[in-house]
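The next block is structure11.csv, given as CSV, C-alpha atoms.
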```csv
chain,number,residue,atom,x,y,z
A,1,MET,CA,-35.9,77.6,-31.1
A,2,THR,CA,-33.6,79.5,-33.5
A,3,GLU,CA,-30.2,80.7,-32.6
A,4,THR,CA,-31.3,84.4,-32.9
A,5,HIS,CA,-34.3,83.8,-30.6
A,6,GLU,CA,-32.0,82.1,-28.1
A,7,TYR,CA,-29.6,85.1,-28.2
A,8,GLN,CA,-32.4,87.6,-27.8
A,9,LEU,CA,-33.6,85.7,-24.6
A,10,SER,CA,-30.2,85.7,-23.1
A,11,ALA,CA,-29.6,89.3,-24.0
A,12,ALA,CA,-32.8,90.3,-22.3
A,13,GLY,CA,-31.6,88.4,-19.2
A,14,SER,CA,-28.2,90.1,-19.3
A,15,ARG,CA,-29.8,93.6,-19.6
A,16,MET,CA,-32.1,92.8,-16.6
A,17,GLY,CA,-29.0,91.8,-14.6
A,18,MET,CA,-27.4,95.1,-15.6
A,19,TRP,CA,-30.4,97.1,-14.5
A,20,LEU,CA,-30.4,95.2,-11.1
A,21,PHE,CA,-26.7,96.1,-10.7
A,22,LEU,CA,-27.5,99.8,-11.5
A,23,PHE,CA,-30.2,99.8,-8.9
A,24,SER,CA,-27.7,98.6,-6.3
A,25,GLU,CA,-25.4,101.4,-7.4
A,26,ILE,CA,-28.2,104.0,-7.0
A,27,LEU,CA,-28.8,102.7,-3.4
A,28,LEU,CA,-25.0,103.0,-2.7
A,29,PHE,CA,-24.9,106.6,-3.8
A,30,SER,CA,-28.3,107.3,-2.0
A,31,GLY,CA,-26.6,106.6,1.3
A,32,LEU,CA,-24.1,109.4,0.6
A,33,PHE,CA,-26.8,111.7,-0.7
A,34,LEU,CA,-28.7,111.1,2.5
A,35,LEU,CA,-25.6,112.0,4.6
A,36,TYR,CA,-25.4,115.2,2.5
A,37,ALA,CA,-29.1,116.0,3.0
A,38,VAL,CA,-29.0,115.5,6.8
A,39,TYR,CA,-25.9,117.7,7.2
A,40,LEU,CA,-27.4,120.3,4.9
A,41,HIS,CA,-30.4,120.4,7.1
A,42,GLN,CA,-28.2,120.7,10.2
A,43,TYR,CA,-25.7,123.3,8.9
A,44,PRO,CA,-27.4,125.3,6.0
A,45,ALA,CA,-25.2,128.4,6.4
A,46,ASP,CA,-21.9,126.5,6.5
A,47,PHE,CA,-22.9,124.4,3.5
A,48,HIS,CA,-23.7,127.6,1.6
A,49,ALA,CA,-20.4,129.1,2.5
A,50,ALA,CA,-18.4,126.0,1.6
A,51,GLY,CA,-20.3,125.4,-1.6
A,52,ARG,CA,-19.3,128.9,-2.8
A,53,ILE,CA,-15.6,127.9,-2.7
A,54,LEU,CA,-16.2,125.2,-5.4
A,55,ASP,CA,-15.5,126.2,-9.0
A,56,ARG,CA,-18.9,126.7,-10.5
A,57,PRO,CA,-17.7,127.3,-14.2
A,58,LEU,CA,-15.5,124.2,-14.1
A,59,GLY,CA,-18.3,122.1,-12.6
A,60,SER,CA,-20.7,123.4,-15.3
A,61,ILE,CA,-18.2,122.5,-18.1
A,62,ASN,CA,-17.8,119.1,-16.6
A,63,THR,CA,-21.6,118.6,-16.6
A,64,VAL,CA,-21.7,119.4,-20.4
A,65,VAL,CA,-18.7,117.1,-21.0
A,66,LEU,CA,-20.4,114.2,-19.3
A,67,LEU,CA,-23.8,114.8,-21.0
A,68,THR,CA,-22.0,114.9,-24.3
A,69,SER,CA,-20.2,111.6,-23.5
A,70,SER,CA,-23.7,110.1,-22.8
A,71,TYR,CA,-24.8,111.3,-26.2
A,72,PHE,CA,-21.7,109.6,-27.8
A,73,VAL,CA,-22.6,106.3,-26.2
A,74,ALA,CA,-26.2,106.6,-27.3
A,75,MET,CA,-24.9,107.2,-30.8
A,76,ALA,CA,-22.5,104.2,-30.5
A,77,VAL,CA,-25.5,102.0,-29.7
A,78,SER,CA,-27.6,103.5,-32.5
A,79,SER,CA,-24.7,103.0,-35.0
A,80,LEU,CA,-24.2,99.4,-34.1
A,81,GLU,CA,-28.0,98.8,-34.4
A,82,SER,CA,-27.8,100.2,-38.0
A,83,GLY,CA,-24.7,98.0,-38.8
A,84,LYS,CA,-22.2,100.9,-38.8
A,85,VAL,CA,-19.4,99.1,-37.1
A,86,LYS,CA,-16.7,101.7,-37.9
A,87,ALA,CA,-18.9,104.6,-36.6
A,88,THR,CA,-19.5,102.6,-33.4
A,89,VAL,CA,-15.8,102.4,-32.7
A,90,ARG,CA,-15.4,106.2,-33.4
A,91,TRP,CA,-18.3,107.1,-31.0
A,92,LEU,CA,-16.8,104.8,-28.3
A,93,ALA,CA,-13.4,106.4,-28.7
A,94,GLY,CA,-15.1,109.8,-28.4
A,95,THR,CA,-16.8,108.8,-25.2
A,96,MET,CA,-13.4,107.7,-23.7
A,97,GLY,CA,-11.9,111.0,-24.8
A,98,MET,CA,-14.8,112.8,-22.9
A,99,ALA,CA,-14.1,110.7,-19.9
A,100,GLY,CA,-10.5,111.8,-20.0
A,101,ILE,CA,-11.4,115.4,-20.2
A,102,PHE,CA,-13.8,115.0,-17.3
A,103,LEU,CA,-11.1,113.4,-15.1
A,104,ALA,CA,-8.5,116.1,-16.2
A,105,ILE,CA,-10.9,118.9,-15.1
A,106,LYS,CA,-11.7,117.1,-11.9
A,107,ALA,CA,-7.9,116.7,-11.2
A,108,VAL,CA,-7.4,120.5,-11.8
A,109,GLU,CA,-10.3,121.2,-9.3
A,110,TRP,CA,-8.9,118.8,-6.7
A,111,THR,CA,-5.3,120.1,-7.0
A,112,THR,CA,-6.5,123.7,-6.6
A,113,LYS,CA,-8.4,122.7,-3.4
A,114,PHE,CA,-5.4,120.8,-2.1
A,115,GLY,CA,-3.3,123.9,-2.8
A,116,HIS,CA,-5.6,125.8,-0.5
A,117,GLY,CA,-5.1,123.2,2.2
A,118,ILE,CA,-8.6,121.7,1.7
A,119,TYR,CA,-8.3,117.9,1.6
A,120,PRO,CA,-9.6,115.1,3.9
A,121,GLY,CA,-7.8,115.2,7.2
A,122,SER,CA,-5.9,118.5,6.5
A,123,PRO,CA,-5.1,120.8,9.4
A,124,HIS,CA,-6.9,123.6,7.6
A,125,LEU,CA,-10.1,121.5,7.4
A,126,LYS,CA,-9.9,120.7,11.2
A,127,GLU,CA,-9.8,124.5,11.9
A,128,MET,CA,-12.9,125.1,9.9
A,129,ASN,CA,-16.2,124.8,11.7
A,130,HIS,CA,-18.1,121.5,11.7
A,131,GLY,CA,-20.5,122.2,8.9
A,132,GLN,CA,-17.9,123.3,6.4
A,133,ALA,CA,-15.6,120.4,7.2
A,134,ALA,CA,-18.5,118.0,6.8
A,135,PHE,CA,-19.3,119.6,3.4
A,136,PHE,CA,-15.8,119.1,2.1
A,137,ASN,CA,-15.5,115.6,3.4
A,138,ILE,CA,-18.8,114.7,1.7
A,139,TYR,CA,-17.6,116.5,-1.4
A,140,TYR,CA,-14.5,114.4,-1.6
A,141,MET,CA,-16.3,111.2,-0.9
A,142,LEU,CA,-19.0,111.8,-3.5
A,143,THR,CA,-16.8,113.1,-6.3
A,144,GLY,CA,-14.1,110.6,-5.5
A,145,LEU,CA,-16.5,107.6,-5.6
A,146,HIS,CA,-18.0,109.1,-8.8
A,147,ALA,CA,-14.5,109.5,-10.4
A,148,VAL,CA,-13.8,105.8,-9.6
A,149,HIS,CA,-17.0,105.0,-11.5
A,150,VAL,CA,-15.8,107.1,-14.4
A,151,CYS,CA,-12.5,105.2,-14.5
A,152,VAL,CA,-14.3,101.8,-14.4
A,153,GLY,CA,-16.8,102.9,-17.0
A,154,ALA,CA,-14.1,104.2,-19.4
A,155,SER,CA,-12.2,100.9,-19.0
A,156,VAL,CA,-15.3,98.8,-19.7
A,157,LEU,CA,-16.0,101.0,-22.8
A,158,PHE,CA,-12.5,100.4,-24.0
A,159,ALA,CA,-12.9,96.6,-23.6
A,160,VAL,CA,-16.2,96.9,-25.6
A,161,LEU,CA,-14.4,99.0,-28.3
A,162,LEU,CA,-11.9,96.2,-28.7
A,163,MET,CA,-14.7,93.6,-28.9
A,164,VAL,CA,-16.5,95.7,-31.6
A,165,ARG,CA,-13.3,95.8,-33.6
A,166,SER,CA,-12.7,92.1,-33.2
A,167,GLY,CA,-16.3,91.3,-34.2
A,168,LYS,CA,-17.2,89.7,-30.9
A,169,VAL,CA,-19.7,92.5,-30.4
A,170,ARG,CA,-21.6,93.0,-33.7
A,171,PRO,CA,-25.0,94.2,-34.9
A,172,GLU,CA,-26.6,90.8,-34.1
A,173,HIS,CA,-24.8,90.5,-30.8
A,174,PRO,CA,-24.9,94.0,-29.2
A,175,VAL,CA,-25.6,93.2,-25.6
A,176,TRP,CA,-22.1,94.0,-24.3
A,177,LEU,CA,-22.3,97.4,-25.8
A,178,GLU,CA,-25.8,98.0,-24.5
A,179,ASN,CA,-24.8,97.0,-21.0
A,180,ALA,CA,-21.6,99.1,-21.0
A,181,GLY,CA,-23.8,102.0,-22.3
A,182,LEU,CA,-26.3,101.5,-19.5
A,183,TYR,CA,-23.4,101.7,-17.0
A,184,TRP,CA,-22.0,104.8,-18.6
A,185,HIS,CA,-25.5,106.5,-18.5
A,186,LEU,CA,-25.7,105.7,-14.8
A,187,VAL,CA,-22.4,107.5,-14.2
A,188,ASP,CA,-23.9,110.5,-16.0
A,189,LEU,CA,-27.2,110.2,-14.0
A,190,ILE,CA,-25.3,110.4,-10.7
A,191,TRP,CA,-23.4,113.5,-11.8
A,192,ILE,CA,-26.7,115.1,-12.9
A,193,TYR,CA,-27.6,115.1,-9.1
A,194,LEU,CA,-24.1,115.6,-7.7
A,195,PHE,CA,-23.5,118.8,-9.7
A,196,PRO,CA,-26.5,120.9,-8.5
A,197,LEU,CA,-26.3,119.6,-4.9
A,198,LEU,CA,-22.6,120.3,-4.4
A,199,TYR,CA,-21.9,123.3,-6.7
A,200,LEU,CA,-25.3,125.1,-6.9
A,201,VAL,CA,-27.7,124.8,-4.0
A,202,ALA,CA,-25.3,124.6,-1.1
B,1,MET,CA,-32.3,102.1,-47.3
B,2,SER,CA,-34.7,101.9,-44.4
B,3,ASP,CA,-31.7,101.2,-42.1
B,4,THR,CA,-30.2,104.5,-43.2
B,5,THR,CA,-33.5,106.4,-42.6
B,6,ALA,CA,-33.9,104.8,-39.1
B,7,TYR,CA,-30.3,105.8,-38.3
B,8,ALA,CA,-30.8,109.4,-39.4
B,9,ALA,CA,-34.0,109.6,-37.2
B,10,LYS,CA,-32.2,108.1,-34.2
B,11,SER,CA,-29.2,110.5,-34.6
B,12,LYS,CA,-31.6,113.4,-34.8
B,13,ALA,CA,-33.5,112.2,-31.7
B,14,ASN,CA,-30.2,111.7,-29.7
B,15,LEU,CA,-29.0,115.2,-30.7
B,16,THR,CA,-32.3,116.7,-29.6
B,17,VAL,CA,-32.0,115.0,-26.2
B,18,LEU,CA,-28.5,116.3,-25.8
B,19,GLY,CA,-29.6,119.8,-26.7
B,20,ILE,CA,-32.4,119.8,-24.1
B,21,LEU,CA,-30.0,118.4,-21.5
B,22,VAL,CA,-27.5,121.2,-22.1
B,23,LEU,CA,-30.3,123.8,-22.1
B,24,LEU,CA,-31.6,122.5,-18.7
B,25,THR,CA,-28.0,122.7,-17.3
B,26,ALA,CA,-27.8,126.3,-18.4
B,27,VAL,CA,-31.2,126.9,-16.7
B,28,THR,CA,-30.2,125.3,-13.4
B,29,VAL,CA,-26.8,127.2,-13.3
B,30,SER,CA,-28.6,130.5,-14.0
B,31,ALA,CA,-31.2,129.8,-11.4
B,32,SER,CA,-28.5,129.2,-8.8
B,33,TYR,CA,-27.4,132.9,-9.0
B,34,PHE,CA,-30.8,134.1,-7.6
B,35,ASP,CA,-31.8,133.6,-4.0
B,36,PHE,CA,-35.2,131.9,-3.8
B,37,GLY,CA,-34.4,130.6,-0.3
B,38,PHE,CA,-35.6,127.1,0.2
B,39,LEU,CA,-37.0,127.0,-3.3
B,40,ASN,CA,-33.4,126.9,-4.7
B,41,VAL,CA,-33.1,123.3,-3.6
B,42,ALA,CA,-36.5,122.4,-4.9
B,43,ILE,CA,-35.8,124.0,-8.3
B,44,ALA,CA,-32.4,122.3,-8.6
B,45,LEU,CA,-33.8,118.9,-7.8
B,46,ALA,CA,-36.8,119.3,-10.1
B,47,ILE,CA,-34.5,120.2,-13.0
B,48,ALA,CA,-32.1,117.4,-12.1
B,49,THR,CA,-35.0,114.9,-12.1
B,50,SER,CA,-36.2,116.1,-15.5
B,51,LYS,CA,-32.7,115.6,-16.9
B,52,ALA,CA,-32.4,112.2,-15.2
B,53,SER,CA,-35.8,111.1,-16.7
B,54,LEU,CA,-34.7,112.2,-20.2
B,55,VAL,CA,-31.5,110.1,-19.9
B,56,VAL,CA,-33.3,107.1,-18.5
B,57,MET,CA,-36.2,107.2,-21.1
B,58,LYS,CA,-34.3,108.3,-24.2
B,59,PHE,CA,-30.7,107.2,-23.8
B,60,MET,CA,-31.3,104.1,-21.7
B,61,HIS,CA,-34.4,103.1,-23.6
B,62,LEU,CA,-36.4,102.3,-20.5
B,63,GLY,CA,-39.6,102.7,-22.5
B,64,HIS,CA,-38.6,99.7,-24.7
B,65,GLU,CA,-37.7,97.4,-21.8
B,66,GLU,CA,-40.0,94.7,-20.5
B,67,ARG,CA,-42.4,95.1,-17.7
B,68,ALA,CA,-40.2,93.4,-15.1
B,69,ILE,CA,-37.6,96.1,-15.4
B,70,HIS,CA,-40.3,98.8,-15.1
B,71,LEU,CA,-41.5,97.1,-11.9
B,72,MET,CA,-37.8,97.1,-10.6
B,73,VAL,CA,-37.6,100.8,-11.2
B,74,VAL,CA,-40.8,101.4,-9.2
B,75,ALA,CA,-39.5,99.1,-6.4
B,76,THR,CA,-36.2,101.0,-6.2
B,77,CYS,CA,-38.0,104.3,-6.0
B,78,CYS,CA,-40.2,102.9,-3.2
B,79,ILE,CA,-37.1,101.8,-1.2
B,80,LEU,CA,-35.5,105.2,-1.7
B,81,ALA,CA,-38.7,107.0,-0.6
B,82,ILE,CA,-38.9,104.8,2.5
B,83,VAL,CA,-35.3,105.3,3.5
B,84,ILE,CA,-35.2,109.1,2.8
B,85,GLY,CA,-38.7,109.6,4.2
B,86,PHE,CA,-38.1,107.9,7.5
B,87,ILE,CA,-34.8,109.4,8.1
B,88,PHE,CA,-36.3,112.9,7.6
B,89,PHE,CA,-39.2,112.1,10.0
B,90,ASP,CA,-36.4,111.5,12.5
B,91,VAL,CA,-34.2,114.5,11.5
B,92,ALA,CA,-37.1,117.0,11.4
B,93,ALA,CA,-38.5,115.8,14.8
B,94,ARG,CA,-35.2,116.6,16.7
```

Have the structure of the file written as structure tokens, please.
Amino acid sequence: MTETHEYQLSAAGSRMGMWLFLFSEILLFSGLFLLYAVYLHQYPADFHAAGRILDRPLGSINTVVLLTSSYFVAMAVSSLESGKVKATVRWLAGTMGMAGIFLAIKAVEWTTKFGHGIYPGSPHLKEMNHGQAAFFNIYYMLTGLHAVHVCVGASVLFAVLLMVRSGKVRPEHPVWLENAGLYWHLVDLIWIYLFPLLYLVA
Amino acid sequence: MSDTTAYAAKSKANLTVLGILVLLTAVTVSASYFDFGFLNVAIALAIATSKASLVVMKFMHLGHEERAIHLMVVATCCILAIVIGFIFFDVAAR
């Protein structure tokens, strides 16, 4: 068995482990989506009213930002496959930049809501009727948990960026980049469902 | 040389996927300004699922993965269908 063959086998195993982890992440978010669905079924009018308070243009911009970041990661993987190490580093830096923009826009949205007295446990939220309060609690839980994933993903991508620069991750040994990329795409996937459910249909 | 050609092809494919994803986002945002009643949820979920499939197939290269991973995807979908399905049997029957 050659060294390359051995590496390919262990890389396939690592990727499978990553996919398994991603499935457990999907199940974690599904629990919250289910909570959302049950409350939407119970309080359709309240969810509609509360959803209109969210900033649709900012949410749309953030969707495009995250989709673009996913494209950047896909390009980083393609670049490394073709032996373009410097380009890989640039695409990864671009992805981290996009993650920063996403979090900054999210912070603006949250601060505006906080300014209007809408935050978990606020007196204003307690005065609202049940359905609207439930919507905002679920909104903060889902977007908060998602933002944690964005932070973790960006940190992992930064670690991979350093590994690409140091040569630990290279065209023949790309699995760290591939797995970090898979994780980042999952963060994008979750937002793809979060955005319409919170900002559009409610 | 062949490496450069392959890279150009991949770049083009990735950019096309991004273009379709952004286009679908524009469609779903526009659709949300019309009132189709219950269909609004269905339309939004259908578009989200098309976007998710594109990301999984094209960016995450699920098509190139081995069968075991495909089976894991099917298993996850089955678990989700059971959880969501049964809870909604309960919720709808109240």

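Excluding region 73-82 of chain B itself and same-chain residues fewer than 3 positions from it, the residues having an atom within 8 Å of it are Phe23, Leu27 and Ser30 of chain A; Ile69, His70, Gly85 and Phe86 of chain B, counting all atoms listed in the file.
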
Okay, now the selection with C-alpha atoms, as a PDB file, in the frame of the given file?
```
ATOM      1  CA  PHE A  23     -30.200  99.800  -8.900  1.00  0.00           C
ATOM      2  CA  LEU A  27     -28.800 102.700  -3.400  1.00  0.00           C
ATOM      3  CA  SER A  30     -28.300 107.300  -2.000  1.00  0.00           C
TER       4      SER A  30
ATOM      5  CA  ILE B  69     -37.600  96.100 -15.400  1.00  0.00           C
ATOM      6  CA  HIS B  70     -40.300  98.800 -15.100  1.00  0.00           C
ATOM      7  CA  GLY B  85     -38.700 109.600   4.200  1.00  0.00           C
ATOM      8  CA  PHE B  86     -38.100 107.900   7.500  1.00  0.00           C
TER       9      PHE B  86
END
```

Exercise for review: Compute the set of chain A residues within 6 Å of chain B, using only C-alpha atoms, and express it as JSON, numbers by chain.
Suggested key: {"A": [74, 82, 189, 192, 193, 200, 201]}

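Residues within 10 Å of region 152-155 of chain A, counting all atoms listed in the file and excluding same-chain residues fewer than 4 positions away, are A:Leu92, A:Ala93, A:Thr95, A:Met96, A:Gly97, A:Met98, A:Ala99, A:Gly100, A:His146, A:Ala147, A:Val148, A:Ala159, A:Val160, A:Leu161, A:Ala180, A:Gly181, A:Leu182, A:Tyr183, A:Trp184, A:His185, A:Leu186, A:Val187.
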
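Every protein or nucleic acid residue with an atom no more than 8 Å from Val77 (chain A), counting all atoms listed in the file and leaving out same-chain residues fewer than 5 positions away, appears here: Thr88, Leu177, Glu178 and Gly181 of chain A.
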
With C-alpha atoms retained, write the just-selected residues as a tab-separated table (two decimals), in the coordinates of the input.
```
chain	number	residue	atom	x	y	z
A	88	THR	CA	-19.50	102.60	-33.40
A	177	LEU	CA	-22.30	97.40	-25.80
A	178	GLU	CA	-25.80	98.00	-24.50
A	181	GLY	CA	-23.80	102.00	-22.30
```

Practice item. Record the distance separating CA of Arg165 (chain A) and CA of Val85 (chain A), expressed in Å with one decimal. Key: 7.8 Å

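Candidate residues A:Asn129, A:Ser79, A:Leu145, A:Val38 were compared for distance to Phe89 (chain B), and the nearest is A:Val38, using all atoms listed in the file.
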
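The space between CA of Leu22 (chain A) and CA of Phe72 (chain A) spans 19.9 Å.
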
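Point (-13.5, 116.0, -17.3) has the following residues at most 10 Å away: Leu58, Gly59, Ile61, Asn62, Thr63, Val64, Val65, Leu66, Gly97, Met98, Ala99, Gly100, Ile101, Phe102, Leu103, Ala104, Ile105, Lys106, Ala107, Val108, Ala147 and Val150 of chain A (atoms considered: only C-alpha atoms).
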
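Between CA of Ile118 (chain A) and CA of Gln132 (chain A) there is a distance of 10.5 Å.
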
Practice item. For Leu54 (chain A), please output as a VMD selection string all residues within 9 Å (counting all atoms listed in the file; exclusion window: fewer than 2 positions along the same chain). Key: chain A and resid 50 to 52 56 58 to 59 109 113 198 to 199
